[in-house]
file coords13.txt (compact mmCIF, C-alpha atoms)
# COMPACT_ATOMS: atom_id res chain seq x y z
CA MET A 810 53.45 66.45 146.03
CA ARG A 811 55.59 67.53 143.11
CA PRO A 812 58.76 65.56 142.35
CA MET A 813 62.15 67.19 142.88
CA TRP A 814 63.01 67.36 139.16
CA SER A 815 59.83 69.33 138.54
CA ARG A 816 60.89 71.92 141.13
CA VAL A 817 64.37 72.11 139.60
CA LEU A 818 62.81 72.63 136.16
CA GLN A 819 60.63 75.46 137.48
CA ILE A 820 63.53 77.22 139.21
CA THR A 821 65.75 76.88 136.12
CA THR A 822 62.98 78.38 133.97
CA LEU A 823 62.50 81.25 136.41
CA LEU A 824 66.22 82.02 136.16
CA ALA A 825 66.35 81.57 132.39
CA VAL A 826 63.63 84.17 131.66
CA PRO A 827 65.49 87.25 133.01
CA ALA A 828 68.77 85.88 131.60
CA SER A 829 67.31 85.69 128.09
CA LEU A 830 65.74 89.16 128.43
CA TYR A 831 69.19 90.47 129.39
CA MET A 832 70.72 88.78 126.35
CA VAL A 833 68.07 90.26 124.04
CA PHE A 834 67.96 93.83 125.35
CA VAL A 835 71.49 94.39 126.68
CA VAL A 836 73.87 92.03 124.90
CA ALA A 837 72.41 91.62 121.40
CA PRO A 838 73.11 94.55 119.06
CA ILE A 839 70.40 96.51 117.28
CA GLU A 840 69.88 95.35 113.71
CA GLU A 841 70.99 97.84 111.07
CA LYS A 842 68.01 98.00 108.70
CA MET A 843 64.98 97.26 110.89
CA GLY A 844 66.22 98.80 114.13
CA VAL A 845 64.78 97.81 117.52
CA ILE A 846 61.69 96.22 115.98
CA GLN A 847 63.88 93.28 114.89
CA LYS A 848 64.06 92.20 118.56
CA ILE A 849 60.58 90.68 118.14
CA PHE A 850 62.49 87.94 116.30
CA TYR A 851 63.90 86.61 119.62
CA PHE A 852 60.42 85.69 120.85
CA HIS A 853 58.50 85.25 117.61
CA VAL A 854 60.74 82.50 116.21
CA PRO A 855 61.18 80.48 119.46
CA SER A 856 57.38 80.64 119.87
CA ALA A 857 57.05 79.16 116.39
CA PHE A 858 59.53 76.41 117.38
CA MET A 859 57.46 75.65 120.49
CA ALA A 860 54.25 75.59 118.46
CA PHE A 861 55.94 73.01 116.20
CA LEU A 862 57.16 71.08 119.24
CA GLY A 863 53.63 71.00 120.67
CA VAL A 864 52.05 69.90 117.42
CA GLY A 865 54.79 67.35 116.69
CA LEU A 866 54.59 65.90 120.20
CA CYS A 867 50.81 65.72 119.93
CA ALA A 868 51.10 63.80 116.65
CA VAL A 869 53.66 61.32 118.04
CA MET A 870 51.65 60.75 121.23
CA SER A 871 48.48 60.36 119.16
CA VAL A 872 50.13 57.60 117.10
CA LEU A 873 51.25 55.88 120.32
CA TYR A 874 47.72 56.18 121.71
CA LEU A 875 46.12 54.70 118.60
CA VAL A 876 48.59 51.79 118.67
CA THR A 877 48.55 51.01 122.41
CA ARG A 878 45.23 52.61 123.57
CA GLN A 879 46.96 53.65 126.79
CA ARG A 880 45.45 56.73 128.42
CA ARG A 881 48.85 58.25 129.36
CA TRP A 882 49.75 58.92 125.71
CA ASP A 883 46.41 60.60 125.18
CA LEU A 884 47.00 62.83 128.22
CA VAL A 885 50.35 64.03 126.86
CA ALA A 886 48.88 64.53 123.37
CA HIS A 887 46.09 66.70 124.78
CA ALA A 888 48.53 68.77 126.86
CA ALA A 889 50.92 69.22 123.92
CA ALA A 890 48.08 70.30 121.61
CA GLU A 891 46.94 72.91 124.12
CA LEU A 892 50.48 74.29 124.40
CA GLY A 893 50.84 74.20 120.62
CA VAL A 894 47.76 76.44 120.37
CA VAL A 895 49.12 78.83 123.03
CA PHE A 896 52.47 79.28 121.25
CA CYS A 897 50.87 79.40 117.80
CA THR A 898 48.63 82.22 119.09
CA ILE A 899 51.76 84.13 120.12
CA VAL A 900 53.25 83.59 116.65
CA LEU A 901 50.06 84.77 114.92
CA ILE A 902 49.88 87.94 117.02
CA THR A 903 53.57 88.93 117.14
CA GLY A 904 54.01 88.27 113.41
CA PRO A 905 51.58 90.98 112.24
CA ILE A 906 52.95 93.41 114.87
CA TRP A 907 56.39 92.88 113.32
CA ALA A 908 55.06 92.94 109.74
CA ARG A 909 53.20 96.25 110.03
CA PRO A 910 56.23 98.57 110.40
CA VAL A 911 58.53 96.43 108.21
CA TRP A 912 56.26 95.36 105.33
CA GLY A 913 53.64 98.12 105.72
CA VAL A 914 50.78 95.62 106.15
CA TRP A 915 49.46 93.58 109.08
CA TRP A 916 48.81 90.46 107.04
CA THR A 917 49.42 89.10 103.56
CA GLY A 918 47.83 86.05 102.02
CA GLU A 919 51.13 84.27 101.46
CA VAL A 920 51.44 80.55 102.13
CA ARG A 921 53.49 80.63 105.34
CA LEU A 922 51.09 82.94 107.12
CA THR A 923 47.97 81.23 105.83
CA SER A 924 49.22 77.71 106.58
CA THR A 925 50.17 78.80 110.13
CA LEU A 926 46.65 80.15 110.60
CA VAL A 927 45.27 76.86 109.25
CA LEU A 928 47.42 74.94 111.77
CA TRP A 929 46.06 77.09 114.59
CA LEU A 930 42.48 76.51 113.43
CA ILE A 931 43.00 72.73 113.20
CA TYR A 932 44.31 72.55 116.76
CA VAL A 933 41.62 74.88 118.13
CA GLY A 934 39.20 72.42 116.51
CA TYR A 935 41.09 69.57 118.21
CA LEU A 936 40.60 71.21 121.63
CA LEU A 937 36.92 71.99 120.96
CA LEU A 938 36.37 68.39 119.89
CA ARG A 939 37.79 67.16 123.18
CA GLN A 940 35.91 69.69 125.26
CA ASN A 941 32.50 68.97 123.78
CA ALA A 942 32.67 65.19 123.41
CA GLU A 943 30.53 63.07 125.70
CA ASN A 944 32.30 59.76 125.16
CA ARG A 945 35.93 60.08 126.28
CA GLU A 946 37.21 57.04 124.38
CA GLN A 947 35.63 58.17 121.13
CA ALA A 948 36.85 61.76 121.61
CA ALA A 949 40.39 60.54 122.25
CA ARG A 950 40.33 58.45 119.08
CA TRP A 951 38.98 61.26 116.88
CA ALA A 952 41.29 63.80 118.49
CA ALA A 953 44.28 61.52 117.81
CA ILE A 954 43.36 61.32 114.14
CA THR A 955 42.90 65.12 114.00
CA GLY A 956 46.26 65.60 115.74
CA ILE A 957 48.07 63.41 113.22
CA VAL A 958 46.37 64.97 110.17
CA GLY A 959 46.96 68.49 111.55
CA ALA A 960 50.68 67.83 111.92
CA LEU A 961 50.91 67.28 108.15
CA ASP A 962 50.65 71.07 107.87
CA MET A 963 54.06 71.47 109.58
CA PRO A 964 56.28 70.58 106.57
CA ILE A 965 54.15 72.89 104.41
CA ILE A 966 54.74 75.78 106.84
CA TYR A 967 58.45 75.00 107.06
CA LYS A 968 59.08 74.67 103.33
CA SER A 969 56.57 77.30 102.12
CA VAL A 970 59.09 80.15 101.93
CA GLU A 971 61.31 78.03 99.69
CA TRP A 972 58.51 76.61 97.53
CA TRP A 973 56.52 79.84 97.14
CA ARG A 974 58.65 82.95 97.44
CA GLY A 975 56.95 85.71 99.43
CA LEU A 976 57.69 88.49 101.89
CA HIS A 977 58.44 86.14 104.78
CA PRO A 978 62.18 85.45 105.05
CA VAL A 979 63.79 82.02 105.40
CA VAL A 980 64.49 81.92 109.13
CA LEU A 981 67.14 79.22 109.40
CA LYS A 982 69.14 77.92 106.50
CA MET A 983 70.54 74.44 106.82
CA SER A 984 73.52 75.33 104.63
CA GLY A 985 75.32 78.48 103.59
CA GLY A 986 74.92 80.21 106.96
CA GLY A 987 71.90 81.97 108.38
CA GLY A 988 73.43 85.45 108.17
CA LEU A 989 72.91 86.02 111.90
CA ASP A 990 75.50 87.98 113.89
CA PRO A 991 77.25 85.64 116.41
CA VAL A 992 76.10 87.73 119.39
CA MET A 993 72.55 87.79 118.02
CA GLY A 994 72.87 84.04 117.53
CA ARG A 995 73.76 83.56 121.20
CA ALA A 996 70.80 85.71 122.31
CA PHE A 997 68.55 83.72 120.01
CA ALA A 998 69.89 80.42 121.40
CA ALA A 999 69.24 81.68 124.95
CA CYS A 1000 65.64 82.48 123.99
CA VAL A 1001 65.14 79.05 122.39
CA VAL A 1002 66.44 77.36 125.57
CA THR A 1003 64.19 79.55 127.77
CA PHE A 1004 61.12 78.86 125.67
CA THR A 1005 61.87 75.13 125.66
CA LEU A 1006 62.14 75.16 129.47
CA LEU A 1007 58.90 77.14 129.67
CA PHE A 1008 57.21 74.65 127.35
CA LEU A 1009 58.39 71.68 129.46
CA CYS A 1010 57.27 73.37 132.70
CA LEU A 1011 53.80 74.04 131.32
CA LEU A 1012 53.59 70.56 129.79
CA VAL A 1013 54.37 68.89 133.13
CA GLU A 1014 51.69 70.95 134.90
CA ARG A 1015 49.13 70.37 132.13
CA VAL A 1016 49.69 66.60 132.22
CA ARG A 1017 49.31 66.73 136.04
CA LEU A 1018 45.98 68.49 135.57
CA GLY A 1019 44.85 65.76 133.17
CA ARG A 1020 45.78 63.06 135.69
CA LEU A 1021 43.89 64.85 138.47
CA GLU A 1022 40.81 65.19 136.24
CA ASP A 1023 40.98 61.44 135.59
CA GLU A 1024 41.23 60.82 139.33
CA VAL A 1025 38.13 62.98 139.94
CA GLU A 1026 36.24 60.97 137.35
CA SER A 1027 37.18 57.61 138.84
CA LEU A 1028 36.48 58.81 142.39
CA GLU A 1029 33.07 60.11 141.31
CA GLN A 1030 32.32 56.72 139.78
CA GLN A 1031 33.34 55.09 143.06
CA ALA A 1032 31.13 57.51 144.99
CA ALA A 1033 28.19 56.80 142.67
CA ARG A 1034 28.63 53.03 143.12
CA ARG A 1035 29.00 53.21 146.88
CA PRO A 1036 25.37 53.96 147.96
CA LEU A 1037 24.21 51.25 145.58
CA THR A 1038 26.69 48.78 147.10
CA ALA A 1039 25.62 49.84 150.59
CA ALA A 1040 21.95 49.37 149.69
CA THR A 1041 22.69 45.94 148.17
CA ASP A 1042 24.59 44.96 151.30
CA ALA A 1043 21.69 46.11 153.46
CA GLY A 1044 19.20 44.27 151.27
CA GLY A 1045 21.32 41.12 151.38
CA GLY A 1046 21.55 41.38 155.18
CA SER A 1047 17.78 41.66 155.69
CA SER A 1048 16.98 38.66 153.52
CA ARG A 1049 19.20 36.41 155.51
CA MET B 923 31.82 89.27 142.96
CA THR B 924 31.79 88.54 139.23
CA ALA B 925 33.50 85.40 137.97
CA PHE B 926 36.87 85.74 136.26
CA GLU B 927 36.38 85.24 132.52
CA PRO B 928 39.73 84.71 130.80
CA GLY B 929 38.27 85.13 127.30
CA THR B 930 36.73 88.54 128.00
CA PHE B 931 39.84 89.64 129.88
CA LEU B 932 42.15 88.64 127.02
CA ALA B 933 39.92 90.23 124.36
CA GLY B 934 39.81 93.51 126.28
CA LEU B 935 43.55 93.47 126.80
CA LEU B 936 44.32 92.76 123.15
CA SER B 937 41.95 95.48 121.90
CA GLY B 938 43.64 97.90 124.31
CA LEU B 939 47.06 96.92 123.03
CA LEU B 940 45.98 97.26 119.42
CA ALA B 941 44.49 100.67 120.16
CA ALA B 942 47.83 101.67 121.69
CA ILE B 943 49.72 100.97 118.48
CA GLN B 944 47.18 102.55 116.16
CA ASP B 945 49.20 105.09 114.28
CA SER B 946 48.76 106.98 111.02
CA PRO B 947 46.49 105.11 108.56
CA ALA B 948 49.36 104.35 106.22
CA VAL B 949 52.57 103.19 107.86
CA ALA B 950 55.37 103.31 105.37
CA PRO B 951 57.44 100.15 105.44
CA ILE B 952 61.11 100.45 106.27
CA ALA B 953 62.76 100.68 102.88
CA ALA B 954 65.89 98.68 102.16
CA GLY B 955 68.93 100.76 103.00
CA ALA B 956 66.91 103.36 104.91
CA SER B 957 68.20 104.30 108.31
CA ALA B 958 66.28 102.73 111.20
CA VAL B 959 68.07 104.90 113.76
CA ARG B 960 66.09 108.08 113.03
CA PRO B 961 64.34 109.19 116.23
CA ASP B 962 60.82 108.78 114.77
CA ALA B 963 61.69 105.30 113.43
CA VAL B 964 63.17 104.31 116.80
CA GLU B 965 60.09 105.56 118.66
CA ARG B 966 57.74 103.74 116.30
CA GLY B 967 59.85 100.57 116.54
CA LEU B 968 59.83 100.73 120.33
CA ARG B 969 56.04 101.09 120.38
CA PHE B 970 55.57 97.95 118.26
CA LEU B 971 58.27 96.09 120.20
CA ALA B 972 56.67 96.92 123.56
CA THR B 973 53.29 95.76 122.26
CA ALA B 974 54.70 92.49 120.96
CA TYR B 975 56.51 91.73 124.23
CA SER B 976 53.40 92.62 126.25
CA VAL B 977 51.38 90.22 124.10
CA VAL B 978 53.90 87.38 124.58
CA TRP B 979 54.05 87.68 128.36
CA THR B 980 50.34 88.40 128.74
CA ILE B 981 49.39 85.26 126.83
CA LEU B 982 51.90 83.10 128.72
CA GLY B 983 50.97 84.68 132.07
CA THR B 984 47.24 84.29 131.46
CA TYR B 985 47.68 80.65 130.46
CA LEU B 986 49.76 80.02 133.59
CA VAL B 987 47.15 81.69 135.82
CA ILE B 988 44.28 79.72 134.21
CA LEU B 989 46.28 76.48 134.55
CA SER B 990 47.02 77.09 138.22
CA PHE B 991 43.34 77.97 138.90
CA ARG B 992 42.24 74.74 137.23
CA LEU B 993 44.88 72.71 139.09
CA ARG B 994 43.80 74.16 142.43
CA ARG B 995 40.11 73.56 141.70
CA VAL B 996 40.63 69.93 140.62
CA SER B 997 42.95 69.22 143.59
CA ARG B 998 40.24 70.54 145.92
CA GLN B 999 37.67 68.37 144.18
CA VAL B 1000 39.87 65.26 144.62
CA ARG B 1001 40.34 66.03 148.31
CA ARG B 1002 36.60 66.57 148.85
CA ILE B 1003 35.56 63.33 147.16
CA ARG B 1004 38.26 61.40 148.98
CA GLU B 1005 36.98 62.75 152.30
CA ARG B 1006 33.40 61.88 151.36
CA LEU B 1007 34.46 58.33 150.51
CA GLY B 1008 36.56 58.08 153.67
CA LEU B 1009 39.74 57.33 151.72
call {"tool": "encode", "arguments": {"input": "coords13.txt", "output": "C-alpha cells"}}
result
Amino acid sequence: MRPMWSRVLQITTLLAVPASLYMVFVVAPIEEKMGVIQKIFYFHVPSAFMAFLGVGLCAVMSVLYLVTRQRRWDLVAHAAAELGVVFCTIVLITGPIWARPVWGVWWTGEVRLTSTLVLWLIYVGYLLLRQNAENREQAARWAAITGIVGALDMPIIYKSVEWWRGLHPVVLKMSGGGGLDPVMGRAFAACVVTFTLLFLCLLVERVRLGRLEDEVESLEQQAARRPLTAATDAGGGSSR
Amino acid sequence: MTAFEPGTFLAGLLSGLLAAIQDSPAVAPIAAGASAVRPDAVERGLRFLATAYSVVWTILGTYLVILSFRLRRVSRQVRRIRERLGL
C-alpha cells in the first residue's frame, strides 16, 4: 500500500499540470519577436532542469553507494538516471522543433547542443549497462562510476553558452536580470514547480518498482532453496 | 493479440509528428525585428508549438504507462511467488 504522502504528491501534481497549462496559454503574454513558438520555452527549459536534477541525483546517489555499498542508494541512482534520460529526450526533441522556425535549422553543431546529446548518450549507456549485466553488484559499481563521470558533462552544458558563443541563448543569468517579463516569469516558475512535482512522482514510483524487483529476486532465491531444504530434511529423516 | 512494444509505438508516433510539421524545404528563420504576428507566421508557430507539446506529453505519458505496466507485472509476480511459498 502506498503511503499517504505519496498520494498527496500525486494529487498535487495532477492539479499542478492544468494550472501550469493555464498559466502558459492564458496568462503569459505572447513574445514579441518569436510569437507563439516561444511558448515551447515553458516546457523545454524545465525539462532541461529535470534532466539535470536526474543526472545530479544519480551522481550523488552513486557516490553514496560507492562509499556505503547500500543497495538503497543504488536503487535511487538507477531511478534518477532513467528519469534523467526521459527528460533529456524531451529537451533533445523540443529543442530542434523550436530551433527550426527561429534559427532556420533543426540542429547546429554548437557546444551546448552537442554536449547535451553526449549527456543523453552517456546515460543511455548507463541504462544499457545495467540492463545487460549478469552480476548485479558489479553492474551497480560500474554504473555508479559511469553516473559520476557522466555528471561531469553538466557544468560544460551549463557554461557552454558563455564559454563558446553560439546561437543558443543564455537561459538564466545570475546577475543583471534575465530579461523575462514578470508574468512570463510566473508562468515559467509554475512550469518548473509542476515539472519538479512530476519528477518526484515518477521517482517515487520508479524506486518502488526497483524495490519490488529486488523482492522478486529474493523470493525466487527462497523458492529455489526450498525444495532443496525439503529434500535435505526428508533425507535427514530417513537416515535416522 | 500482439504484444505492446513501446519502442515501435514511440518511433511511429514521432515519425508521424515529424511528417506533420514537414513544411517547405527552406524555412526562413524569424529575422530580428520582423513581426511574428503575421497570420502565416502565427499558423506556422502554432504548428511547431502543437508538435512540441504533443511530444512532451506523449513521452511523459508513455513513460508513465510503461512504468505502471511494469509495476503491475512485478506486483503480480511477488504475489504469485509468495502464494507458492505459503507466505
call {"tool": "residues_around", "arguments": {"input": "coords13.txt", "residues": "region 949-964 of chain A", "least_positions_apart": "6", "cutoff": "6 Å", "atoms": "all atoms listed in the file", "output": "count of residues only"}}
result
3
call {"tool": "interface_residues", "arguments": {"input": "coords13.txt", "of": "chain A", "to": "chain B", "cutoff": "10 Å", "atoms": "only C-alpha atoms", "output": "MDAnalysis selection string"}}
result
chainID A and resid 839:850 852:853 856 892 895:896 898:900 902:914 1007 1011 1014:1015 1017:1029 1031:1032 1035
call {"tool": "atom_distance", "arguments": {"input": "coords13.txt", "atom1": "CA of Val920 (chain A)", "atom2": "CA of Val1001 (chain A)"}}
result
24.5 Å
call {"tool": "axis_aligned_box", "arguments": {"input": "coords13.txt", "around": "region 960-973 of chain B", "padding_each_side": "3 Å", "output": "AutoDock Vina command-line options"}}
result
--center_x 59.7 --center_y 102.5 --center_z 118.3 --size_x 18.8 --size_y 19.4 --size_z 16.5
call {"tool": "residues_around", "arguments": {"input": "coords13.txt", "residues": "Gln940 (chain A)", "least_positions_apart": "4", "cutoff": "12 Å", "atoms": "all atoms listed in the file", "output": "PDB file with C-alpha atoms, keeping the file's coordinate frame"}}
result
ATOM      1  CA  HIS A 887      46.090  66.700 124.780  1.00  0.00           C
ATOM      2  CA  GLU A 891      46.940  72.910 124.120  1.00  0.00           C
ATOM      3  CA  VAL A 933      41.620  74.880 118.130  1.00  0.00           C
ATOM      4  CA  GLY A 934      39.200  72.420 116.510  1.00  0.00           C
ATOM      5  CA  TYR A 935      41.090  69.570 118.210  1.00  0.00           C
ATOM      6  CA  LEU A 936      40.600  71.210 121.630  1.00  0.00           C
ATOM      7  CA  ASN A 944      32.300  59.760 125.160  1.00  0.00           C
ATOM      8  CA  ARG A 945      35.930  60.080 126.280  1.00  0.00           C
ATOM      9  CA  ALA A 948      36.850  61.760 121.610  1.00  0.00           C
ATOM     10  CA  ALA A 949      40.390  60.540 122.250  1.00  0.00           C
ATOM     11  CA  ALA A 952      41.290  63.800 118.490  1.00  0.00           C
TER      12      ALA A 952
END
call {"tool": "atom_distance", "arguments": {"input": "coords13.txt", "atom1": "CA of Leu875 (chain A)", "atom2": "CA of Glu946 (chain A)"}}
result
10.9 Å
call {"tool": "atom_distance", "arguments": {"input": "coords13.txt", "atom1": "CA of Cys867 (chain A)", "atom2": "CA of Leu901 (chain A)"}}
result
19.7 Å
call {"tool": "closest_residue", "arguments": {"input": "coords13.txt", "among": "A:Tyr851, A:Leu862, A:Val817, A:Asp883", "to": "Gln947 (chain A)", "atoms": "all atoms listed in the file"}}
result
A:Asp883
call {"tool": "build_atoms", "arguments": {"input": "coords13.txt", "residues": "region 908-920 of chain A", "atoms": "N, CA and C atoms", "output": "PDB file, in the frame of the given file"}}
result
ATOM      1  N   ALA A 908      55.242  92.691 111.179  1.00  0.00           N
ATOM      2  CA  ALA A 908      55.060  92.940 109.740  1.00  0.00           C
ATOM      3  C   ALA A 908      54.616  94.379 109.446  1.00  0.00           C
ATOM      4  N   ARG A 909      53.773  94.925 110.309  1.00  0.00           N
ATOM      5  CA  ARG A 909      53.200  96.250 110.030  1.00  0.00           C
ATOM      6  C   ARG A 909      54.274  97.336 109.789  1.00  0.00           C
ATOM      7  N   PRO A 910      55.240  97.526 110.687  1.00  0.00           N
ATOM      8  CA  PRO A 910      56.230  98.570 110.400  1.00  0.00           C
ATOM      9  C   PRO A 910      57.266  98.168 109.335  1.00  0.00           C
ATOM     10  N   VAL A 911      57.475  96.863 109.146  1.00  0.00           N
ATOM     11  CA  VAL A 911      58.530  96.430 108.210  1.00  0.00           C
ATOM     12  C   VAL A 911      57.985  96.251 106.789  1.00  0.00           C
ATOM     13  N   TRP A 912      56.835  95.597 106.663  1.00  0.00           N
ATOM     14  CA  TRP A 912      56.260  95.360 105.330  1.00  0.00           C
ATOM     15  C   TRP A 912      55.216  96.423 104.958  1.00  0.00           C
ATOM     16  N   GLY A 913      54.692  97.121 105.967  1.00  0.00           N
ATOM     17  CA  GLY A 913      53.640  98.120 105.720  1.00  0.00           C
ATOM     18  C   GLY A 913      52.238  97.556 105.773  1.00  0.00           C
ATOM     19  N   VAL A 914      52.112  96.261 106.035  1.00  0.00           N
ATOM     20  CA  VAL A 914      50.780  95.620 106.150  1.00  0.00           C
ATOM     21  C   VAL A 914      50.773  94.711 107.370  1.00  0.00           C
ATOM     22  N   TRP A 915      49.572  94.492 107.923  1.00  0.00           N
ATOM     23  CA  TRP A 915      49.460  93.580 109.080  1.00  0.00           C
ATOM     24  C   TRP A 915      49.546  92.132 108.626  1.00  0.00           C
ATOM     25  N   TRP A 916      48.956  91.861 107.473  1.00  0.00           N
ATOM     26  CA  TRP A 916      48.810  90.460 107.040  1.00  0.00           C
ATOM     27  C   TRP A 916      48.852  90.373 105.530  1.00  0.00           C
ATOM     28  N   THR A 917      49.491  89.355 104.997  1.00  0.00           N
ATOM     29  CA  THR A 917      49.420  89.100 103.560  1.00  0.00           C
ATOM     30  C   THR A 917      48.914  87.667 103.398  1.00  0.00           C
ATOM     31  N   GLY A 918      48.388  87.394 102.220  1.00  0.00           N
ATOM     32  CA  GLY A 918      47.830  86.050 102.020  1.00  0.00           C
ATOM     33  C   GLY A 918      48.857  85.020 101.596  1.00  0.00           C
ATOM     34  N   GLU A 919      50.117  85.238 101.911  1.00  0.00           N
ATOM     35  CA  GLU A 919      51.130  84.270 101.460  1.00  0.00           C
ATOM     36  C   GLU A 919      51.059  82.953 102.239  1.00  0.00           C
ATOM     37  N   VAL A 920      51.673  81.920 101.651  1.00  0.00           N
ATOM     38  CA  VAL A 920      51.440  80.550 102.130  1.00  0.00           C
ATOM     39  C   VAL A 920      51.877  80.339 103.583  1.00  0.00           C
TER      40      VAL A 920
END
